[in-house]
Amino acid sequence: MMEDYTLPFWIYMGVLTMLVGGAMKKLLASHISAAPTLVAWLGATVLVERLWTFYVPFFLGLAVIFLTCRLYSTRNNPEPLLPAEGKAVLITGLWGLVNNAGVCVNFGDAELSLMSNYRGCMEVNFFGTLAVTKAFLPLLRQAKGRITTISSPAGDQPFPCLAAYGASKAALNLLINTLRHELEPWGVRVSIILPSSYKTGQASNPAYWEQQYKHTLQNLPPGLLEEYGEEYMNETKELFQNHSKTANEDLSPVIDAIVQALLSPQPLVRYYAGPRVSLMYFIFSYLPSSISDKFLQKLFVKKKLMPRALRKQSALGINLHHHNNNNEEKLDK
Ligand SMILES: NC(=O)c1ccc[n+]([C@@H]2O[C@H](COP(=O)([O-])OP(=O)(O)OC[C@H]3O[C@@H](n4cnc5c(N)ncnc54)[C@H](OP(=O)(O)O)[C@@H]3O)[C@@H](O)[C@H]2O)c1
C-alpha cells in the first residue's frame, strides 16, 4: 500500500503540511495584527499546490523544502532581548513605564451601573494612566524608552455587564494608540497588553463583589430595581463570582508579554496574553457580530433570568394566548 506513493508525493505532502501547519500556528497563537503574514502563508500554500499540478521537477521540490525549513527555523528562533542593565537610570532618562493600575469597580447591565462606577473606572483606568504617563514622558523621550500598558479585551469588545470598565479601557486604548503615533518620531515605543481572565486581587475576592453589589442595590432608584428585580441582579453577581473562580492562576503569559514589550528589539503594538484571547479577537475581527455577540455571551456571563418586567410581560402574553385558545375552543363547541 505504502509503495503506491512515490517520493515526489511525500515531498509534496511534507511541503504542504509545513505551510498549512505554519498558517494554522499563526492563526491560533497569532497576534491578529499579523493577518497579512497569515494571508501570505495561505497564498504560499495555494501557490505550491498550483505549481505541483504542473509537476515541479525533483530538484526544485528539494529547493522549496530547503527554503521553507530555513525560513521556518529562523522565524521560530526566540528573538534575543535587549540587556536590562542601565535601563532605569533617571539621569539618562527612563527606559520603561508599565501602566498596570486598574480597577473594575462594579459590574452589571449598563442601566443598572451607578454613575460612581463609570466615574471610578474612568478615574483610575483612564485619568490615572494618563497622569502617570504624562509625568514620565519627558524622561521616556530622553531615553527613547518604552511604554507598556495593561488594558483589557473588554476595551475592544462589548463584554456583557462590563460597560463601565470596558468604556474606560476603550478610552485608554485610544489614548495609547494615539501616543504610539505621536511618540514614534521621539523613538519611544508603545505597546498594549490584552490579558485574558486572571485570578488577581479584587477580581477573585467574593467579599468585594458582595459589598459592591449591596452598594448598588442601596443606591438604585426603587422603580428601576422593581423593573429588573433583585433576583436578576443576584444572578449576575453569582455568575461573575463563578467566572472569577475559573480564571487563570498562572500569570506568566502577562509577565512574558511585559518583558517582551520592554526588552524586545522590535516590540509589538499589541500582546494577547493568555488562553483564548487571540481566538476571541479573531472571532470579533472576522466573523459577523451576530456570531461574536453569541460567543461573548456564552463565554462570559451566561444569564438565564430575564429582567422581572420582561418575565411578567411574557407570562401575560402566554396567559392571554391560553385565554384566547380557550375562548376559541368554547366557540367551536
Ligand atoms: N485580572 C484580570 O482578569 C484582568 C484582565 C484584563 C485586564 N486586567 C488589567 O490588569 C491590570 C492589573 O489588574 P489586576 O487584575 O492585577 O488587579 P489587582 O490585583 O486588583 O491590581 C490592581 C492594581 O491597581 C492598583 N490600583 C488600583 N487603584 C489604584 C489607584 N486609585 N491608584 C493607584 N493604583 C491603584 C492596585 O494598587 P494597590 O495594590 O496599591 O491597591 C494594584 O496594584 C489592570 O489594569 C486590569 O484592568 C486584569
# chains A, B, ... in the order shown; residues from 1 in each chain; ligands from 1
>>> closest_atom_pairs(of="region 236-263 of chain A", to="region 140-163 of chain A", cutoff="8 Å", atoms="only C-alpha atoms", output="JSON lines")
{"residue": "A:Ile258", "atom": "CA", "partner": "A:Thr148", "partner_atom": "CA", "distance": 7.0}
{"residue": "A:Ala261", "atom": "CA", "partner": "A:Thr148", "partner_atom": "CA", "distance": 6.4}
{"residue": "A:Leu262", "atom": "CA", "partner": "A:Arg146", "partner_atom": "CA", "distance": 5.9}
>>> residues_near_ligand(ligand="ligand 1", cutoff="6 Å", atoms="only C-alpha atoms and all ligand atoms", output="JSON, numbers by chain")
{"A": [100, 101, 102, 103, 124, 150, 151, 152, 195, 196, 197, 198, 199, 200, 201, 202]}
>>> atom_distance(atom1="CA of Glu235 (chain A)", atom2="CA of Arg276 (chain A)")
25.1 Å
>>> select_by_dssp(residues="region 73-283 of chain A", states="alpha helix (DSSP H)", output="PDB file with C-alpha atoms, in the first residue's frame")
ATOM      1  CA  SER A  73      13.555  27.866  11.695  1.00  0.00           C
ATOM      2  CA  THR A  74      14.786  31.494  11.544  1.00  0.00           C
ATOM      3  CA  ARG A  75      11.279  32.786  12.294  1.00  0.00           C
ATOM      4  CA  ASN A  76      10.826  30.445  15.243  1.00  0.00           C
ATOM      5  CA  MET A 115     -22.591  56.771  37.788  1.00  0.00           C
ATOM      6  CA  SER A 116     -19.971  56.353  40.535  1.00  0.00           C
ATOM      7  CA  ASN A 117     -18.977  53.082  38.833  1.00  0.00           C
ATOM      8  CA  TYR A 118     -18.453  54.789  35.457  1.00  0.00           C
ATOM      9  CA  ARG A 119     -16.542  57.642  37.105  1.00  0.00           C
ATOM     10  CA  GLY A 120     -14.460  55.302  39.325  1.00  0.00           C
ATOM     11  CA  CYS A 121     -13.323  53.186  36.359  1.00  0.00           C
ATOM     12  CA  THR A 129      -2.794  56.172  33.475  1.00  0.00           C
ATOM     13  CA  LEU A 130      -2.827  59.436  31.548  1.00  0.00           C
ATOM     14  CA  ALA A 131      -1.445  61.391  34.527  1.00  0.00           C
ATOM     15  CA  VAL A 132       1.356  58.881  35.207  1.00  0.00           C
ATOM     16  CA  THR A 133       2.285  58.677  31.518  1.00  0.00           C
ATOM     17  CA  LYS A 134       2.400  62.452  31.111  1.00  0.00           C
ATOM     18  CA  ALA A 135       4.532  62.768  34.239  1.00  0.00           C
ATOM     19  CA  PHE A 136       7.171  60.339  32.935  1.00  0.00           C
ATOM     20  CA  LEU A 137       7.112  61.256  29.248  1.00  0.00           C
ATOM     21  CA  PRO A 138       9.995  63.764  29.365  1.00  0.00           C
ATOM     22  CA  LEU A 139      12.258  61.065  30.851  1.00  0.00           C
ATOM     23  CA  LEU A 140      10.951  58.391  28.481  1.00  0.00           C
ATOM     24  CA  ARG A 141      11.589  60.605  25.452  1.00  0.00           C
ATOM     25  CA  GLN A 142      15.087  61.335  26.713  1.00  0.00           C
ATOM     26  CA  ALA A 143      15.900  57.607  26.881  1.00  0.00           C
ATOM     27  CA  ALA A 163     -19.858  48.668  30.176  1.00  0.00           C
ATOM     28  CA  ALA A 164     -18.213  50.954  32.760  1.00  0.00           C
ATOM     29  CA  TYR A 165     -14.922  49.046  32.892  1.00  0.00           C
ATOM     30  CA  GLY A 166     -14.918  48.425  29.120  1.00  0.00           C
ATOM     31  CA  ALA A 167     -15.603  52.077  28.261  1.00  0.00           C
ATOM     32  CA  SER A 168     -12.693  53.225  30.446  1.00  0.00           C
ATOM     33  CA  LYS A 169     -10.363  50.684  28.791  1.00  0.00           C
ATOM     34  CA  ALA A 170     -11.638  51.694  25.325  1.00  0.00           C
ATOM     35  CA  ALA A 171     -10.746  55.314  26.103  1.00  0.00           C
ATOM     36  CA  LEU A 172      -7.378  54.104  27.362  1.00  0.00           C
ATOM     37  CA  ASN A 173      -6.749  52.088  24.163  1.00  0.00           C
ATOM     38  CA  LEU A 174      -7.435  55.113  22.005  1.00  0.00           C
ATOM     39  CA  LEU A 175      -5.143  57.289  24.095  1.00  0.00           C
ATOM     40  CA  ILE A 176      -2.312  54.744  23.962  1.00  0.00           C
ATOM     41  CA  ASN A 177      -2.716  54.163  20.234  1.00  0.00           C
ATOM     42  CA  THR A 178      -2.591  57.907  19.615  1.00  0.00           C
ATOM     43  CA  LEU A 179       0.519  58.207  21.784  1.00  0.00           C
ATOM     44  CA  ARG A 180       2.083  55.394  19.762  1.00  0.00           C
ATOM     45  CA  HIS A 181       1.864  57.501  16.589  1.00  0.00           C
ATOM     46  CA  GLU A 182       2.935  60.716  18.255  1.00  0.00           C
ATOM     47  CA  LEU A 183       5.909  59.241  20.088  1.00  0.00           C
ATOM     48  CA  PRO A 206     -16.045  37.434  46.667  1.00  0.00           C
ATOM     49  CA  ALA A 207     -16.374  39.763  49.689  1.00  0.00           C
ATOM     50  CA  TYR A 208     -15.504  42.758  47.490  1.00  0.00           C
ATOM     51  CA  TRP A 209     -18.171  41.886  44.893  1.00  0.00           C
ATOM     52  CA  GLU A 210     -20.708  41.231  47.664  1.00  0.00           C
ATOM     53  CA  GLN A 211     -20.065  44.641  49.163  1.00  0.00           C
ATOM     54  CA  GLN A 212     -20.256  46.367  45.752  1.00  0.00           C
ATOM     55  CA  TYR A 213     -23.495  44.504  44.982  1.00  0.00           C
ATOM     56  CA  LYS A 214     -25.103  45.712  48.225  1.00  0.00           C
ATOM     57  CA  HIS A 215     -23.927  49.240  47.495  1.00  0.00           C
ATOM     58  CA  THR A 216     -25.596  49.134  44.054  1.00  0.00           C
ATOM     59  CA  LEU A 217     -28.852  47.756  45.491  1.00  0.00           C
ATOM     60  CA  GLN A 218     -28.984  50.537  48.081  1.00  0.00           C
ATOM     61  CA  ASN A 219     -28.377  53.247  45.519  1.00  0.00           C
ATOM     62  CA  PRO A 222     -36.685  51.786  43.542  1.00  0.00           C
ATOM     63  CA  GLY A 223     -38.624  51.816  40.230  1.00  0.00           C
ATOM     64  CA  LEU A 224     -35.602  50.563  38.311  1.00  0.00           C
ATOM     65  CA  LEU A 225     -34.892  47.866  40.892  1.00  0.00           C
ATOM     66  CA  GLU A 226     -38.526  46.738  40.609  1.00  0.00           C
ATOM     67  CA  GLU A 227     -38.320  46.527  36.793  1.00  0.00           C
ATOM     68  CA  TYR A 228     -35.147  44.439  36.763  1.00  0.00           C
ATOM     69  CA  GLU A 230     -33.225  41.732  42.796  1.00  0.00           C
ATOM     70  CA  GLU A 231     -33.106  38.094  41.658  1.00  0.00           C
ATOM     71  CA  TYR A 232     -31.910  39.247  38.203  1.00  0.00           C
ATOM     72  CA  MET A 233     -29.084  41.265  39.761  1.00  0.00           C
ATOM     73  CA  ASN A 234     -28.218  38.481  42.167  1.00  0.00           C
ATOM     74  CA  GLU A 235     -27.870  36.047  39.265  1.00  0.00           C
ATOM     75  CA  THR A 236     -25.411  38.438  37.551  1.00  0.00           C
ATOM     76  CA  LYS A 237     -23.350  38.699  40.740  1.00  0.00           C
ATOM     77  CA  GLU A 238     -23.208  34.913  41.153  1.00  0.00           C
ATOM     78  CA  LEU A 239     -22.237  34.416  37.511  1.00  0.00           C
ATOM     79  CA  PHE A 240     -19.374  36.890  37.959  1.00  0.00           C
ATOM     80  CA  GLN A 241     -18.216  35.190  41.137  1.00  0.00           C
ATOM     81  CA  ASN A 242     -18.273  31.805  39.389  1.00  0.00           C
ATOM     82  CA  HIS A 243     -16.451  33.202  36.398  1.00  0.00           C
ATOM     83  CA  SER A 244     -13.674  34.631  38.584  1.00  0.00           C
ATOM     84  CA  LYS A 245     -13.263  31.205  40.260  1.00  0.00           C
ATOM     85  CA  SER A 252       3.341  34.062  33.252  1.00  0.00           C
ATOM     86  CA  PRO A 253       1.797  34.950  29.828  1.00  0.00           C
ATOM     87  CA  VAL A 254       1.257  38.515  31.071  1.00  0.00           C
ATOM     88  CA  ILE A 255       4.718  38.728  32.638  1.00  0.00           C
ATOM     89  CA  ASP A 256       6.321  37.369  29.446  1.00  0.00           C
ATOM     90  CA  ALA A 257       4.417  39.949  27.409  1.00  0.00           C
ATOM     91  CA  ILE A 258       5.615  42.769  29.692  1.00  0.00           C
ATOM     92  CA  VAL A 259       9.231  41.576  29.356  1.00  0.00           C
ATOM     93  CA  GLN A 260       8.891  41.368  25.562  1.00  0.00           C
ATOM     94  CA  ALA A 261       7.307  44.817  25.349  1.00  0.00           C
ATOM     95  CA  LEU A 262      10.116  46.323  27.437  1.00  0.00           C
ATOM     96  CA  LEU A 263      13.130  44.477  26.066  1.00  0.00           C
ATOM     97  CA  VAL A 277      -7.607  35.884  23.712  1.00  0.00           C
ATOM     98  CA  SER A 278      -6.318  35.527  20.137  1.00  0.00           C
ATOM     99  CA  LEU A 279      -9.291  33.321  19.241  1.00  0.00           C
ATOM    100  CA  MET A 280     -11.642  35.889  20.794  1.00  0.00           C
ATOM    101  CA  TYR A 281     -10.061  38.670  18.700  1.00  0.00           C
ATOM    102  CA  PHE A 282     -10.184  36.528  15.581  1.00  0.00           C
ATOM    103  CA  ILE A 283     -13.910  35.911  16.060  1.00  0.00           C
TER     104      ILE A 283
END
>>> select_by_dssp(residues="region 105-279 of chain A", states="strand (DSSP E)", output="count of residues only")
16
>>> closest_residue(among="A:Val105, A:Leu94, A:Ala273, A:Ala63", to="Ile192 (chain A)", atoms="only C-alpha atoms")
A:Ala273
>>> atom_distance(atom1="CA of Val15 (chain A)", atom2="CA of Thr45 (chain A)")
8.5 Å
